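Shown next: upload_3.csv, given as CSV, C-alpha atoms.
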```csv
chain,number,residue,atom,x,y,z
V,1,MET,CA,106.7,108.9,121.2
V,2,ARG,CA,106.3,106.4,124.0
V,3,ARG,CA,103.8,103.5,124.0
V,4,GLY,CA,100.5,104.8,125.3
V,5,GLU,CA,101.2,108.5,124.6
V,6,LEU,CA,98.9,110.5,122.4
V,7,ALA,CA,100.4,112.1,119.3
V,8,ARG,CA,100.2,115.8,118.6
V,9,ALA,CA,97.9,117.0,115.8
V,10,ASP,CA,100.9,117.1,113.4
V,11,GLU,CA,102.3,113.7,114.3
V,12,TYR,CA,101.5,110.3,112.8
V,13,HIS,CA,102.2,106.8,114.0
V,14,LEU,CA,103.6,104.2,111.5
V,15,VAL,CA,102.5,100.5,112.0
V,16,VAL,CA,103.6,97.6,109.9
V,17,GLN,CA,101.7,94.4,109.3
V,18,VAL,CA,103.7,91.5,108.0
V,19,TRP,CA,102.1,88.6,106.1
V,20,ILE,CA,104.5,85.7,105.5
V,21,ARG,CA,103.6,83.2,102.8
V,22,ASN,CA,105.2,79.9,102.0
V,23,SER,CA,105.5,78.2,98.6
V,24,ARG,CA,102.4,76.0,99.4
V,25,GLY,CA,100.3,79.2,99.7
V,26,ALA,CA,99.9,79.0,103.5
V,27,TRP,CA,100.3,82.1,105.7
V,28,LEU,CA,102.3,82.2,108.9
V,29,ILE,CA,100.0,83.6,111.6
V,30,SER,CA,100.5,84.0,115.3
V,31,ARG,CA,98.3,84.0,118.3
V,32,ARG,CA,98.2,87.1,120.6
V,33,ALA,CA,99.4,86.6,124.1
V,34,PRO,CA,96.7,86.4,126.9
V,35,GLY,CA,97.7,89.8,128.4
V,36,LYS,CA,97.3,91.8,125.1
V,37,SER,CA,94.2,93.4,123.7
V,38,GLU,CA,92.2,91.0,121.5
V,39,PRO,CA,93.7,88.2,123.7
V,40,LEU,CA,94.3,84.7,122.1
V,41,LYS,CA,93.2,85.8,118.7
V,42,TRP,CA,95.2,85.0,115.6
V,43,GLU,CA,96.8,87.6,113.3
V,44,PRO,CA,99.7,88.3,111.0
V,45,THR,CA,102.7,89.6,112.9
V,46,GLY,CA,103.4,93.4,113.1
V,47,GLY,CA,103.7,96.4,115.2
V,48,SER,CA,104.9,99.9,115.6
V,49,VAL,CA,107.9,101.2,113.7
V,50,LEU,CA,110.6,102.7,115.9
V,51,ALA,CA,111.8,106.3,115.7
V,52,GLY,CA,114.4,106.5,112.9
V,53,GLU,CA,113.4,103.1,111.4
V,54,GLU,CA,112.2,102.6,107.9
V,55,SER,CA,109.0,100.7,107.2
V,56,LEU,CA,110.9,97.6,105.8
V,57,ASP,CA,113.3,97.6,108.7
V,58,GLY,CA,110.3,97.7,111.1
V,59,ALA,CA,108.7,94.7,109.3
V,60,LEU,CA,111.9,92.7,109.4
V,61,ARG,CA,112.4,93.5,113.1
V,62,GLU,CA,108.9,92.7,114.1
V,63,ALA,CA,109.1,89.2,112.4
V,64,ARG,CA,112.4,88.6,114.1
V,65,GLU,CA,111.2,89.7,117.5
V,66,GLU,CA,107.8,88.2,117.6
V,67,LEU,CA,108.4,85.0,115.7
V,68,GLY,CA,112.2,84.5,115.7
V,69,VAL,CA,112.0,84.5,111.9
V,70,THR,CA,114.7,86.2,109.8
V,71,LEU,CA,113.1,87.3,106.5
V,72,ASP,CA,115.0,88.1,103.3
V,73,PRO,CA,114.2,91.7,102.4
V,74,CYS,CA,114.6,90.8,98.7
V,75,ARG,CA,111.7,88.3,99.0
V,76,GLY,CA,109.3,90.9,100.3
V,77,VAL,CA,107.0,93.6,98.8
V,78,MET,CA,105.1,96.4,100.4
V,79,PHE,CA,101.6,95.5,99.3
V,80,CYS,CA,100.0,98.7,100.4
V,81,SER,CA,100.3,101.8,102.6
V,82,ALA,CA,97.1,103.3,104.0
V,83,ARG,CA,96.5,106.4,106.1
V,84,ARG,CA,94.3,105.4,109.1
V,85,GLU,CA,92.6,108.1,111.1
V,86,GLN,CA,92.4,106.0,114.2
V,87,PHE,CA,93.9,102.7,115.1
V,88,THR,CA,92.6,100.7,118.1
V,89,TRP,CA,94.4,103.3,120.2
V,90,ALA,CA,93.9,107.1,119.9
V,91,ASN,CA,96.7,107.9,117.5
V,92,PRO,CA,96.2,108.4,113.8
V,93,GLY,CA,98.8,107.1,111.4
V,94,PHE,CA,99.8,104.9,108.6
V,95,LEU,CA,99.6,101.2,108.1
V,96,ASP,CA,102.2,99.6,105.8
V,97,VAL,CA,101.2,96.0,104.8
V,98,TRP,CA,104.2,93.8,103.8
V,99,VAL,CA,104.2,90.4,102.2
V,100,PHE,CA,107.2,88.1,102.3
V,101,ASP,CA,107.9,84.7,100.7
V,102,HIS,CA,109.4,82.4,103.3
V,103,ASP,CA,109.6,78.7,103.5
V,104,GLY,CA,110.3,78.0,107.2
V,105,ASP,CA,109.5,75.1,109.4
V,106,ILE,CA,107.0,75.9,112.1
V,107,GLY,CA,109.4,74.2,114.6
V,108,ASP,CA,111.9,77.0,113.9
V,109,VAL,CA,109.5,79.7,115.1
V,110,ARG,CA,110.6,81.3,118.4
V,111,LEU,CA,107.7,83.2,120.1
V,112,GLN,CA,108.1,86.4,122.0
V,113,GLN,CA,106.1,85.4,125.1
V,114,GLU,CA,104.8,88.9,126.0
V,115,GLU,CA,103.5,89.3,122.4
V,116,THR,CA,102.6,85.8,121.1
V,117,CYS,CA,101.7,82.4,122.5
V,118,ASP,CA,101.4,80.2,119.3
V,119,ALA,CA,102.0,80.2,115.6
V,120,MET,CA,100.8,78.1,112.7
V,121,TRP,CA,100.7,78.0,108.9
V,122,ALA,CA,97.1,78.6,107.7
V,123,THR,CA,95.4,78.7,104.3
V,124,GLU,CA,93.2,81.6,103.2
V,125,ARG,CA,90.2,79.4,103.8
V,126,GLU,CA,91.3,78.7,107.4
V,127,ILE,CA,91.9,82.3,108.1
V,128,ARG,CA,88.5,83.3,106.7
V,129,ARG,CA,86.9,80.6,108.9
V,130,MET,CA,88.8,82.0,112.0
V,131,ILE,CA,87.5,85.5,111.2
V,132,ALA,CA,83.9,84.2,110.8
V,133,GLN,CA,84.3,82.4,114.2
V,134,GLY,CA,85.7,85.5,115.9
V,135,ARG,CA,89.1,83.8,116.5
V,136,PHE,CA,91.1,86.2,114.3
V,137,VAL,CA,91.8,89.9,114.9
V,138,PRO,CA,89.1,91.7,112.8
V,139,MET,CA,90.5,92.4,109.4
V,140,THR,CA,87.7,92.4,106.9
V,141,ASP,CA,87.0,96.1,107.5
V,142,ASP,CA,90.5,96.9,106.2
V,143,PRO,CA,90.1,97.9,102.5
V,144,TYR,CA,93.2,95.9,101.4
V,145,PHE,CA,92.2,92.6,103.0
V,146,ASP,CA,90.3,90.9,100.1
V,147,ASP,CA,92.8,92.2,97.6
V,148,LEU,CA,95.7,90.7,99.5
V,149,PHE,CA,94.4,87.1,99.1
V,150,ARG,CA,93.2,87.7,95.5
V,151,VAL,CA,96.6,89.0,94.4
V,152,PHE,CA,98.7,86.4,96.2
V,153,ARG,CA,96.6,83.3,95.4
V,154,ALA,CA,98.9,82.4,92.5
V,155,ARG,CA,101.8,84.8,92.8
V,156,THR,CA,104.9,85.2,94.9
V,157,ALA,CA,106.0,88.5,96.5
V,158,GLU,CA,108.7,88.7,93.8
V,159,GLU,CA,106.2,88.4,91.0
V,160,VAL,CA,104.0,91.1,92.5
V,161,ARG,CA,107.0,93.4,93.0
V,162,ASN,CA,108.1,93.0,89.4
V,163,HIS,CA,104.7,93.4,87.8
V,164,ASP,CA,101.7,95.7,88.2
V,165,VAL,CA,98.9,93.6,89.5
```
Could I get this structure in the form of structure tokens?
Amino acid sequence: MRRGELARADEYHLVVQVWIRNSRGAWLISRRAPGKSEPLKWEPTGGSVLAGEESLDGALREAREELGVTLDPCRGVMFCSARREQFTWANPGFLDVWVFDHDGDIGDVRLQQEETCDAMWATEREIRRMIAQGRFVPMTDDPYFDDLFRVFRARTAEEVRNHDV
């Protein structure tokens, strides 16, 4: 399927969302480029999985493309997978939410200009404030959102992967 095409009734679109957390409990978020929908709003990185690509591979690729960050697949966990009847475009599909432990310097981030225009490490409190101010892509209607912060407040992705939470 090409970007912008509508899926057939028996087709689904797979999108990954990648939350990257450092050992200080801050999350690496990026700012959407001015030419995108929801321009200049902050968000976790992510995007569409390519044909033939697994969800994890798509998450790793999106972080590499949009942020220039190479994540260790052994330091990540799929937090949840949810069927969505409609994304912001007309295609139904699945959203896989990944969380990775990564201690990188913000100076090492390399932005993909057509996708992102800034990046920062932000705490849960800062992200919630951005949402309240309308500066973050709307997330609070996603059923996993509150659970994500609750589960990862005191745990790493490895701890979550190795234990039922």
Atom CA of Glu158 of chain V and atom CA of Tyr144 of chain V are how many Å apart?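 Taking atom CA of Glu158 of chain V as the start and atom CA of Tyr144 of chain V as the end point, the length is 18.7 Å.
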Between V:Trp121, V:Trp19, V:Phe79, V:Phe152, which one has atoms that come closest to Ile106 of chain V, using all atoms listed in the file? V:Trp121
Counting all atoms listed in the file, the residue of V:Pro73, V:Glu124, V:Glu159, V:Glu115 that sits nearest Ser37 of chain V: V:Glu115
Nearby residues (all atoms listed in the file) at most 7 Å from Phe94 of chain V, same-chain spacing under 3 positions excluded, as a PyMOL selection string: chain V and resi 13-15+81-84
Which residue gives the smallest distance to Arg153 of chain V among V:Arg64, V:His102, V:Arg110, V:Arg125, with only C-alpha atoms counted?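 Smallest distance to Arg153 of chain V is found for V:Arg125.
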Which of these, V:Leu56, V:Asp142, V:Val97, V:Gly35, has the shortest distance to Cys74 of chain V once you count only C-alpha atoms?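 Closest candidate: V:Leu56.
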Between V:Glu65, V:Asp96, V:Glu54, V:Glu38, which one has atoms that come closest to Val16 of chain V, using only C-alpha atoms?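 Going through V:Glu65, V:Asp96, V:Glu54, V:Glu38 one by one, the smallest distance to Val16 of chain V is for V:Asp96.
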Which residue, V:Val49, V:Val18, V:Val151, V:Leu111, has the smallest gap to His163 of chain V when you use all atoms listed in the file? V:Val151
Have a look at atom CA of Ala63 of chain V and atom CA of Ala122 of chain V and let me know their distance in Å, one decimal.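 It comes out at 16.7 Å.
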Residue contacts of Gln17 of chain V (8 Å, all atoms listed in the file) excluding same-chain residues fewer than 4 positions away, as a ChimeraX atom specification: /V:44-47,59,95-98
Atom pair atom CA of Met120 of chain V + atom CA of Arg31 of chain V, distance 8.5 Å
